[in-house]
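**Student:** Coordinates in data32.tsv, TSV, C-alpha atoms, are listed below.
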chain	number	residue	atom	x	y	z
A	1	MET	CA	28.35	4.32	-13.23
A	2	ARG	CA	29.30	0.77	-14.16
A	3	ALA	CA	27.93	-0.50	-10.83
A	4	VAL	CA	24.56	1.10	-11.53
A	5	ARG	CA	24.44	-0.56	-14.96
A	6	ASP	CA	25.31	-3.93	-13.41
A	7	VAL	CA	22.57	-3.55	-10.81
A	8	CYS	CA	20.02	-2.56	-13.46
A	9	ALA	CA	21.07	-5.51	-15.64
A	10	THR	CA	20.76	-7.95	-12.71
A	11	VAL	CA	17.35	-6.61	-11.69
A	12	SER	CA	15.97	-6.66	-15.25
A	13	ALA	CA	17.34	-10.19	-15.86
A	14	GLU	CA	15.75	-11.45	-12.64
A	15	LEU	CA	12.42	-9.80	-13.46
A	16	ALA	CA	12.46	-11.19	-17.00
A	17	ALA	CA	13.26	-14.69	-15.78
A	18	ARG	CA	10.66	-14.73	-12.99
A	19	TRP	CA	7.95	-12.28	-14.06
A	20	GLY	CA	5.05	-14.53	-13.03
A	21	GLY	CA	6.56	-15.22	-9.62
A	22	PHE	CA	7.22	-11.51	-9.13
A	23	CYS	CA	3.59	-10.61	-9.91
A	24	LEU	CA	2.26	-13.37	-7.65
A	25	LEU	CA	4.57	-12.37	-4.81
A	26	THR	CA	3.59	-8.71	-5.20
A	27	VAL	CA	-0.12	-9.58	-4.99
A	28	LEU	CA	0.47	-11.80	-1.94
A	29	ILE	CA	2.43	-9.08	-0.14
A	30	LEU	CA	-0.25	-6.53	-1.00
A	31	ALA	CA	-2.90	-8.91	0.35
A	32	GLY	CA	-0.84	-9.28	3.53
A	33	TYR	CA	-0.73	-5.51	3.98
A	34	ALA	CA	-4.48	-5.31	3.38
A	35	ALA	CA	-5.11	-8.05	5.97
A	36	VAL	CA	-2.97	-6.26	8.56
A	37	ILE	CA	-4.69	-2.92	7.92
A	38	PHE	CA	-8.14	-4.56	8.08
A	39	SER	CA	-7.28	-6.34	11.33
A	40	MET	CA	-5.96	-3.08	12.82
A	41	ALA	CA	-9.28	-1.40	12.02
A	42	VAL	CA	-11.17	-4.34	13.56
A	43	LEU	CA	-9.02	-4.24	16.69
A	44	ASN	CA	-9.49	-0.48	16.97
A	45	VAL	CA	-13.28	-0.82	17.10
A	46	GLY	CA	-13.53	-4.27	18.65
A	47	THR	CA	-15.90	-5.71	16.05
A	48	LEU	CA	-16.17	-6.37	12.32
A	49	PRO	CA	-17.00	-3.41	10.07
A	50	ASN	CA	-20.64	-2.92	9.12
A	51	TYR	CA	-20.08	0.17	6.96
A	52	PHE	CA	-18.51	0.25	3.49
A	53	ARG	CA	-18.59	2.99	0.86
A	54	TRP	CA	-17.03	3.32	-2.61
A	55	PHE	CA	-16.18	6.74	-3.98
A	56	ARG	CA	-16.44	7.86	-7.61
A	57	VAL	CA	-12.70	8.13	-8.22
A	58	VAL	CA	-12.77	8.75	-11.98
A	59	GLU	CA	-15.39	11.48	-11.65
A	60	GLY	CA	-13.46	13.04	-8.78
A	61	ILE	CA	-10.26	13.16	-10.81
A	62	GLY	CA	-12.10	14.59	-13.82
A	63	GLU	CA	-13.68	17.27	-11.66
A	64	LEU	CA	-10.31	18.09	-10.16
A	65	PHE	CA	-8.88	18.98	-13.57
A	66	THR	CA	-11.76	21.36	-14.30
A	67	LEU	CA	-11.08	23.47	-11.19
A	68	SER	CA	-9.07	26.64	-11.58
A	69	MET	CA	-6.31	26.43	-8.98
A	70	PRO	CA	-2.53	26.17	-8.83
A	71	LEU	CA	-0.90	22.87	-9.81
A	72	HIS	CA	0.44	22.08	-6.32
A	73	GLU	CA	-3.04	22.40	-4.84
A	74	ARG	CA	-4.42	20.05	-7.50
A	75	TYR	CA	-1.71	17.56	-6.60
A	76	ASP	CA	-2.65	17.76	-2.93
A	77	LEU	CA	-6.31	17.12	-3.75
A	78	LEU	CA	-5.41	14.30	-6.15
A	79	THR	CA	-3.33	12.42	-3.59
A	80	GLU	CA	-6.11	12.66	-1.02
A	81	GLN	CA	-8.79	11.43	-3.46
A	82	PRO	CA	-10.56	8.63	-1.56
A	83	ILE	CA	-11.15	5.26	-3.22
A	84	PHE	CA	-13.19	3.53	-0.52
A	85	GLU	CA	-13.73	3.54	3.21
A	86	PHE	CA	-14.93	1.05	5.75
A	87	GLY	CA	-15.61	1.11	9.44
A	88	TYR	CA	-18.18	0.48	12.11
A	89	ARG	CA	-21.44	2.44	12.29
A	90	HIS	CA	-22.85	2.46	15.80
A	91	PRO	CA	-26.37	1.00	15.62
A	92	LEU	CA	-27.97	3.43	18.09
A	93	MET	CA	-25.98	6.63	17.62
A	94	GLY	CA	-25.33	6.32	13.88
A	95	SER	CA	-21.77	7.59	14.31
A	96	LEU	CA	-18.84	6.09	12.45
A	97	GLU	CA	-16.10	4.53	14.54
A	98	GLY	CA	-12.73	3.24	13.38
A	99	VAL	CA	-13.09	4.42	9.79
A	100	TYR	CA	-10.32	3.55	7.34
A	101	THR	CA	-10.19	5.55	4.10
A	102	LEU	CA	-8.00	4.30	1.27
A	103	THR	CA	-6.73	7.23	-0.79
A	104	LEU	CA	-4.91	7.23	-4.12
A	105	HIS	CA	-1.67	8.14	-2.35
A	106	THR	CA	-1.97	5.28	0.12
A	107	ALA	CA	-2.92	2.79	-2.60
A	108	LEU	CA	0.07	3.81	-4.70
A	109	ASN	CA	2.36	3.49	-1.65
A	110	LEU	CA	1.09	0.01	-0.88
A	111	VAL	CA	1.41	-1.22	-4.47
A	112	LEU	CA	4.90	0.20	-4.98
A	113	VAL	CA	6.24	-1.06	-1.66
A	114	SER	CA	4.73	-4.49	-2.27
A	115	ALA	CA	6.52	-4.60	-5.63
A	116	LEU	CA	9.80	-3.47	-4.03
A	117	VAL	CA	9.57	-6.08	-1.27
A	118	ALA	CA	8.78	-8.75	-3.88
A	119	LEU	CA	11.80	-7.65	-5.93
A	120	TYR	CA	13.92	-7.75	-2.78
A	121	CYS	CA	12.76	-11.33	-2.14
A	122	LEU	CA	13.60	-12.36	-5.72
A	123	LEU	CA	17.07	-10.83	-5.51
A	124	MET	CA	17.72	-12.44	-2.11
A	125	ALA	CA	16.62	-15.81	-3.49
A	126	ARG	CA	19.02	-15.33	-6.40
A	127	ALA	CA	21.86	-14.53	-4.01
A	128	LEU	CA	21.00	-17.49	-1.78
A	129	ARG	CA	21.02	-19.90	-4.73
A	130	GLY	CA	24.72	-19.26	-5.20
A	131	VAL	CA	25.75	-19.15	-1.54
A	132	GLY	CA	23.42	-21.58	0.16
A	133	LEU	CA	21.29	-21.13	3.26
A	134	THR	CA	23.28	-20.31	6.37
A	135	ARG	CA	22.30	-18.79	9.68
A	136	LYS	CA	23.83	-15.46	8.64
A	137	THR	CA	21.92	-15.28	5.36
A	138	LEU	CA	18.64	-16.17	7.04
A	139	THR	CA	19.23	-13.46	9.64
A	140	SER	CA	19.97	-10.84	7.00
A	141	LEU	CA	16.94	-11.90	4.99
A	142	GLY	CA	14.69	-11.65	8.03
A	143	LEU	CA	16.08	-8.32	9.20
A	144	GLY	CA	15.96	-6.77	5.73
A	145	GLY	CA	12.47	-7.99	4.94
A	146	GLY	CA	11.16	-7.17	8.41
A	147	ALA	CA	12.60	-3.67	8.28
A	148	SER	CA	11.04	-3.12	4.85
A	149	ALA	CA	7.64	-4.28	6.06
A	150	ALA	CA	7.80	-2.34	9.33
A	151	GLY	CA	8.95	0.81	7.58
A	152	VAL	CA	6.10	0.92	5.09
A	153	LEU	CA	3.19	-0.29	7.18
A	154	PRO	CA	2.47	3.17	8.63
A	155	ALA	CA	1.99	4.46	5.08
A	156	GLY	CA	-1.20	2.46	4.79
A	157	ALA	CA	-2.22	2.02	8.40
A	158	ALA	CA	-2.03	5.65	9.55
A	159	PRO	CA	-5.51	6.55	8.22
A	160	VAL	CA	-7.25	4.24	10.72
A	161	ALA	CA	-9.04	6.87	12.77
A	162	CYS	CA	-11.69	6.92	15.42
A	163	CYS	CA	-15.06	8.62	15.44
A	164	GLY	CA	-15.09	9.07	11.66
A	165	ALA	CA	-12.46	11.81	11.82
A	166	GLY	CA	-10.54	12.38	8.65
A	167	ALA	CA	-7.00	11.08	8.57
A	168	ALA	CA	-4.27	10.68	5.98
A	169	SER	CA	-0.99	8.84	5.75
What does this structure look like when you write it as structure tokens?
**Tutor:**
Amino acid sequence: MRAVRDVCATVSAELAARWGGFCLLTVLILAGYAAVIFSMAVLNVGTLPNYFRWFRVVEGIGELFTLSMPLHERYDLLTEQPIFEFGYRHPLMGSLEGVYTLTLHTALNLVLVSALVALYCLLMARALRGVGLTRKTLTSLGLGGGASAAGVLPAGAAPVACCGAGAAS
């Protein structure tokens, strides 16, 4: 139990000391994820998107709470509430190709993982300040950060579908 308290104290001290850097790093990591997801959608279709649509998220959530259904079904609908979608609309056929739909669940995943990766970077920087930069520490930093990024990317990239078919992470 003491180890958990020490970890929590270290994390909160690091966040308090570098709050601005943490927020900036979180936004930059989130932007990186968005760029990768956007480029995956572009590569899937082979051209830039020409279709974009916003959904009425607040109205959709309000309507969800007025429905009479079990709580677990409401949760399922809430997580799949779309925020926006983009893709390529074929000029002659009118069909949607390579559509990406950002849902509340996916957005929450991307924000939380971006914050966790940013926190990881802050804690690694704190550890490296005391030890110094060696080949071993750089390798562990790269492997840990790369594994974090590779592990979470499917959470946001899975909904890139073809032919306008619905998909979810």
**Student:** What does the distance from atom CA of Pro91 of chain A to atom CA of Trp54 of chain A come to in Å, to one decimal?
**Tutor:**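 Answer for the atom CA of Pro91 of chain A to atom CA of Trp54 of chain A separation: 20.6 Å.
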**Student:** Find, counting all atoms listed in the file, the residue in A:Ser68, A:Asn50, A:Ser140, A:Asn109 that gets nearest to Leu96 of chain A.
**Tutor:**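 Under the stated criterion, the closest residue is A:Asn50.
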**Student:** Find the residues around Phe86 of chain A up to 6 Å (all atoms listed in the file counted), leave out those fewer than 4 positions away in its own chain, and share them as a PyMOL selection string.
**Tutor:** chain A and resi 51-52+99-100
**Student:** Identify which of the residues A:Val111, A:Leu119, A:Leu104, A:Ile37 lies closest to Gly60 of chain A, counting only C-alpha atoms when measuring atom-to-atom distances.
**Tutor:**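 Among the listed residues, the smallest separation from Gly60 of chain A belongs to A:Leu104.
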**Student:** Would you pick out the contacts of Leu78 of chain A at 10 Å or less, using only C-alpha atoms, so that residues sharing its chain but fewer than 5 positions from it are not included, and give the list as a list in words?
**Tutor:**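 Listed by chain and then number, they are Val57, Gly60, Ile61, Leu64, Phe65, His72, Glu73, Thr103, Leu104 and His105 of chain A.
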**Student:** Kindly give the distance, in Å, that separates atom CA of Pro49 of chain A and atom CA of Leu112 of chain A, rounded to a single decimal.
**Tutor:**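 Calculated distance between atom CA of Pro49 of chain A and atom CA of Leu112 of chain A is 26.8 Å.
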**Student:** So how far away is atom CA of Met40 of chain A from atom CA of Tyr88 of chain A, in Å?
**Tutor:**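 Interatomic distance, atom CA of Tyr88 of chain A to atom CA of Met40 of chain A: 12.7 Å.
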**Student:** Fewer than 2 positions away in the same chain doesn't count, so skip those; otherwise give me all residues within 8 Å of Asn44 of chain A, counting all atoms listed in the file, as number ranges by chain.
**Tutor:** A: 40-42, 46, 98, 162
